[in-house]
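Okay, upload-v3.txt is below, compact mmCIF, C-alpha atoms:
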# COMPACT_ATOMS: atom_id res chain seq x y z
CA ALA A 1 49.46 66.33 117.98
CA VAL A 2 47.58 64.24 115.41
CA THR A 3 45.69 61.28 116.83
CA GLY A 4 42.62 59.27 115.90
CA ASP A 5 41.63 58.88 119.55
CA LYS A 6 39.19 61.67 120.48
CA LYS A 7 40.15 61.69 124.16
CA LEU A 8 43.87 61.76 123.39
CA ALA A 9 43.23 64.49 120.84
CA GLY A 10 41.43 66.54 123.47
CA VAL A 11 44.25 66.09 125.97
CA ALA A 12 46.84 66.93 123.28
CA LYS A 13 44.96 70.14 122.44
CA ILE A 14 44.98 71.23 126.08
CA LEU A 15 48.66 70.35 126.42
CA GLY A 16 49.45 72.58 123.47
CA ASN A 17 48.51 75.57 125.60
CA PHE A 18 51.22 74.70 128.11
CA ILE A 19 54.11 73.18 126.18
CA GLY A 20 53.93 74.87 122.78
CA ASP A 21 55.79 73.13 119.94
CA MET A 22 57.72 70.47 121.83
CA GLU A 23 60.38 68.68 119.80
CA ILE A 24 59.98 64.93 119.24
CA LYS A 25 63.04 62.91 118.24
CA ILE A 26 63.71 59.27 117.38
CA ASP A 27 66.37 57.79 119.65
CA LYS A 28 66.90 54.03 119.47
CA ARG A 29 69.36 54.16 122.37
CA ILE A 30 66.76 54.67 125.09
CA LYS A 31 65.71 51.53 126.94
CA GLY A 32 61.98 52.15 127.16
CA ALA A 33 59.37 53.38 124.68
CA ALA A 34 60.02 57.07 125.27
CA VAL A 35 61.34 59.61 127.73
CA PHE A 36 60.97 63.34 128.30
CA ARG A 37 64.45 64.83 128.60
CA ASP A 38 65.86 68.36 128.28
CA GLY A 39 62.64 69.74 126.89
CA LYS A 40 62.34 67.05 124.20
CA ILE A 41 60.38 63.81 123.82
CA LEU A 42 62.72 60.99 122.77
CA VAL A 43 60.97 57.98 121.22
CA ASN A 44 62.36 54.51 120.53
CA PRO A 45 60.07 52.98 117.85
CA LYS A 46 61.61 49.53 118.42
CA ASN A 47 59.75 49.40 121.75
CA ILE A 48 56.36 50.55 120.42
CA ASP A 49 54.21 48.01 118.59
CA THR A 50 51.26 50.03 117.25
CA GLN A 51 50.19 53.47 116.03
CA GLU A 52 47.87 53.65 119.03
CA GLY A 53 50.80 52.89 121.31
CA LEU A 54 52.86 55.63 119.67
CA GLU A 55 50.11 58.22 120.11
CA TYR A 56 49.59 57.22 123.73
CA THR A 57 53.33 57.36 124.45
CA ILE A 58 53.85 60.80 122.93
CA VAL A 59 50.90 62.37 124.76
CA HIS A 60 52.00 60.65 127.99
CA GLU A 61 55.47 62.18 127.71
CA ALA A 62 53.99 65.56 126.75
CA VAL A 63 52.13 65.56 130.07
CA HIS A 64 55.50 65.11 131.77
CA GLY A 65 56.75 68.08 129.80
CA ALA A 66 53.91 70.22 131.14
CA THR A 67 54.27 69.19 134.80
CA SER A 68 57.62 67.57 135.71
CA SER A 69 59.62 70.74 136.33
CA ILE A 70 57.41 72.08 139.09
CA ILE A 71 57.00 68.61 140.64
CA ASN A 72 60.79 68.27 140.77
CA GLU A 73 61.00 71.60 142.59
CA PHE A 74 58.31 70.49 145.06
CA GLU A 75 59.97 67.15 145.77
CA ALA A 76 63.36 68.85 146.22
CA GLY A 77 61.86 71.18 148.82
CA ASN A 78 62.55 74.26 146.68
CA LEU A 79 59.02 75.68 146.68
CA GLU A 80 58.06 78.09 149.42
CA GLU A 81 55.44 76.53 151.68
CA GLY A 82 52.15 78.34 151.32
CA SER A 83 53.02 79.76 147.90
CA HIS A 84 50.66 79.29 144.95
CA GLU A 85 53.15 76.91 143.33
CA TYR A 86 53.57 74.85 146.49
CA GLU A 87 49.84 74.56 147.10
CA ALA A 88 49.16 73.56 143.49
CA VAL A 89 51.48 70.57 143.73
CA LYS A 90 50.54 69.69 147.31
CA GLU A 91 46.84 69.53 146.48
CA LEU A 92 47.48 67.05 143.70
CA ASN A 93 49.99 65.07 145.76
CA ASP A 94 47.49 64.79 148.62
CA LEU A 95 44.90 63.44 146.19
CA PHE A 96 47.46 60.97 144.80
CA GLU A 97 48.26 59.68 148.29
CA ALA A 98 44.56 59.43 149.16
CA VAL A 99 43.80 57.41 146.02
CA LYS A 100 46.87 55.25 146.56
CA SER A 101 45.70 54.48 150.11
CA THR A 102 42.68 52.67 148.66
CA LEU A 103 44.91 49.93 147.20
CA THR A 104 44.94 46.46 148.71
CA ASN A 105 48.07 44.48 149.61
CA GLU A 106 47.46 42.33 146.53
CA GLU A 107 47.40 45.42 144.34
CA PHE A 108 50.62 46.74 145.87
CA ALA A 109 52.17 43.36 145.03
CA LYS A 110 51.10 43.81 141.40
CA ILE A 111 52.78 47.24 141.35
CA GLU A 112 56.00 45.60 142.56
CA GLN A 113 55.62 42.94 139.86
CA LEU A 114 55.24 45.68 137.24
CA ASP A 115 58.37 47.43 138.57
CA ASP A 116 60.28 44.17 138.19
CA PHE A 117 59.11 43.82 134.58
CA ILE A 118 60.16 47.40 133.80
CA LYS A 119 63.60 46.81 135.29
CA LYS A 120 64.01 43.57 133.35
CA LEU A 121 62.87 45.25 130.12
CA LYS A 122 65.60 47.86 130.45
CA GLU A 123 68.31 45.36 131.41
CA GLU A 124 67.68 42.34 129.20
CA GLY A 125 64.28 42.54 127.56
CA LEU A 126 61.05 40.61 128.08
CA SER A 127 59.61 37.52 126.49
CA LEU A 128 56.36 37.85 124.51
CA LYS A 129 54.39 36.39 127.43
CA GLU A 130 56.06 38.74 129.90
CA LYS A 131 55.25 41.71 127.64
CA GLU A 132 51.59 40.71 127.61
CA ILE A 133 51.47 40.45 131.40
CA ALA A 134 53.39 43.71 131.87
CA SER A 135 51.08 45.50 129.43
CA GLU A 136 47.99 44.51 131.41
CA LEU A 137 49.61 45.48 134.71
CA ARG A 138 50.70 48.83 133.30
CA LYS A 139 47.20 49.75 132.19
CA GLU A 140 45.89 49.49 135.74
CA PHE A 141 48.85 50.23 138.01
CA TYR A 142 51.55 52.36 136.35
CA GLY A 143 49.78 55.51 137.49
CA PHE A 144 50.53 54.59 141.10
CA LYS A 145 54.31 54.61 140.58
CA ASN A 146 54.72 58.26 141.59
CA LEU A 147 53.03 61.65 141.26
CA LYS A 148 54.43 62.32 137.77
CA GLU A 149 53.10 59.02 136.40
CA PHE A 150 49.80 59.49 138.23
CA ILE A 151 49.25 62.75 136.34
CA ALA A 152 50.34 61.35 132.98
CA GLU A 153 48.28 58.18 133.26
CA LEU A 154 45.10 59.87 134.44
CA MET A 155 45.30 62.09 131.37
CA VAL A 156 45.83 59.36 128.75
CA ASN A 157 45.13 55.88 130.16
CA GLU A 158 41.49 54.87 129.79
CA GLU A 159 41.76 51.90 132.17
CA PHE A 160 43.28 54.11 134.86
CA GLN A 161 40.57 56.70 134.23
CA LYS A 162 37.87 54.07 134.72
CA ARG A 163 39.39 53.10 138.04
CA LEU A 164 39.55 56.69 139.29
CA SER A 165 36.06 57.47 138.03
CA LYS A 166 34.67 54.96 140.54
CA ILE A 167 36.17 56.81 143.50
CA GLU A 168 33.83 59.58 144.64
CA ILE A 169 35.16 62.51 146.66
CA ILE A 170 33.65 65.41 148.58
CA GLU A 171 32.87 68.58 146.64
CA THR A 172 35.41 71.29 147.46
CA GLY A 173 34.05 74.27 145.51
CA ASP A 174 34.54 76.09 142.25
CA SER A 175 37.83 76.69 140.43
CA LEU A 176 39.60 79.10 138.12
CA PHE A 177 39.31 76.58 135.32
CA ASP A 178 35.53 76.14 135.14
CA LEU A 179 35.43 75.89 131.35
CA ILE A 180 38.17 73.25 131.26
CA ARG A 181 36.55 71.42 134.13
CA ALA A 182 33.23 71.39 132.24
CA TRP A 183 35.03 69.75 129.32
CA ILE A 184 36.62 67.22 131.67
CA THR A 185 33.27 66.39 133.26
CA LYS A 186 31.63 65.97 129.85
CA ILE A 187 34.35 63.65 128.56
CA PHE A 188 35.29 61.68 131.65
CA SER A 189 32.26 61.87 133.94
CA PRO A 190 29.00 62.09 131.95
CA ASP A 191 26.89 61.64 135.11
CA LYS A 192 28.53 64.83 136.51
CA LYS A 193 29.62 63.16 139.74
CA LYS A 194 32.73 64.66 141.31
CA THR A 195 35.20 61.78 141.33
CA ALA A 196 38.91 61.24 141.87
CA LEU A 197 39.26 61.17 138.08
CA ASN A 198 37.83 64.53 137.08
CA THR A 199 39.25 66.22 140.18
CA ALA A 200 42.74 64.86 139.48
CA ILE A 201 42.63 65.91 135.82
CA TYR A 202 41.38 69.32 136.83
CA ASP A 203 44.15 69.69 139.43
CA SER A 204 46.70 68.49 136.87
CA ILE A 205 45.67 71.18 134.39
CA SER A 206 45.89 73.73 137.19
CA LEU A 207 49.42 72.49 137.87
CA MET A 208 50.36 72.88 134.19
CA GLN A 209 49.16 76.48 134.36
CA VAL A 210 51.27 77.16 137.46
CA GLN A 211 54.39 75.64 135.87
CA LYS A 212 53.83 77.70 132.72
CA THR A 213 53.52 80.99 134.63
CA THR A 214 56.61 80.33 136.78
CA LYS A 215 58.99 79.67 133.86
Is it possible to give me this structure as structure tokens?
Amino acid sequence: AVTGDKKLAGVAKILGNFIGDMEIKIDKRIKGAAVFRDGKILVNPKNIDTQEGLEYTIVHEAVHGATSSIINEFEAGNLEEGSHEYEAVKELNDLFEAVKSTLTNEEFAKIEQLDDFIKKLKEEGLSLKEKEIASELRKEFYGFKNLKEFIAELMVNEEFQKRLSKIEIIETGDSLFDLIRAWITKIFSPDKKKTALNTAIYDSISLMQVQKTTK
């Protein structure tokens, strides 16, 4: 992936280890900006306003490509409890639920408002003012929609990263991905505190590795 954003470029480089050369196609029939479907990223340029938005969207969907298959298996109850695959998803899902539990009732209401905007966008479109409001809500809350979006947003959304970086968690020990984790800490947590952000990114990369090895 070619991007002028250093953080997105770093994420894209890591993703390349897990998804290879993923096909990207233009499809003006899709209702949103993009979707990951059947191993391809489908992009509708009519719903993307800037180059930055295009880069963000493609990397976001690439994260889905690296993680959605194993999450689908987990949510369908098809992974054997206690297996490496099951534990990889469960660990990240537990973190997602823990972070989500920190939200206030007002914040949950904003998530519902964002869902309404997304539904309206797909059905009839949004006014310019509604797009502006939805864009701001998305930056902060889209990552709480479900586990798949949580992973994608924490990898590419700087506002979401800032939010998670403020949530400190208890140290749980070393990992198989120490080198990657060191990179994550350097980029996303310069003060080297163990936060919900760097732990979630680290767990997400672990999940990508598990999905890759089970294909």
Quick one: of A:Val43, A:Ile30, A:Ala98, A:Leu121, who's nearest to Val59 of chain A, counting all atoms listed in the file?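 Nearest candidate to Val59 of chain A out of A:Val43, A:Ile30, A:Ala98, A:Leu121: A:Val43.
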Nearby residues (all atoms listed in the file) at most 8 Å from Ile71 of chain A, same-chain spacing under 4 positions excluded, as a list in words: Thr67, Glu75, Val89 and Lys148 of chain A
One number please: atom CA of Glu91 of chain A to atom CA of Gly143 of chain A, in Å, one decimal.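 A separation of 16.9 Å between them.
Between atom CA of Glu73 of chain A and atom CA of Thr57 of chain A lies a distance of 24.3 Å.
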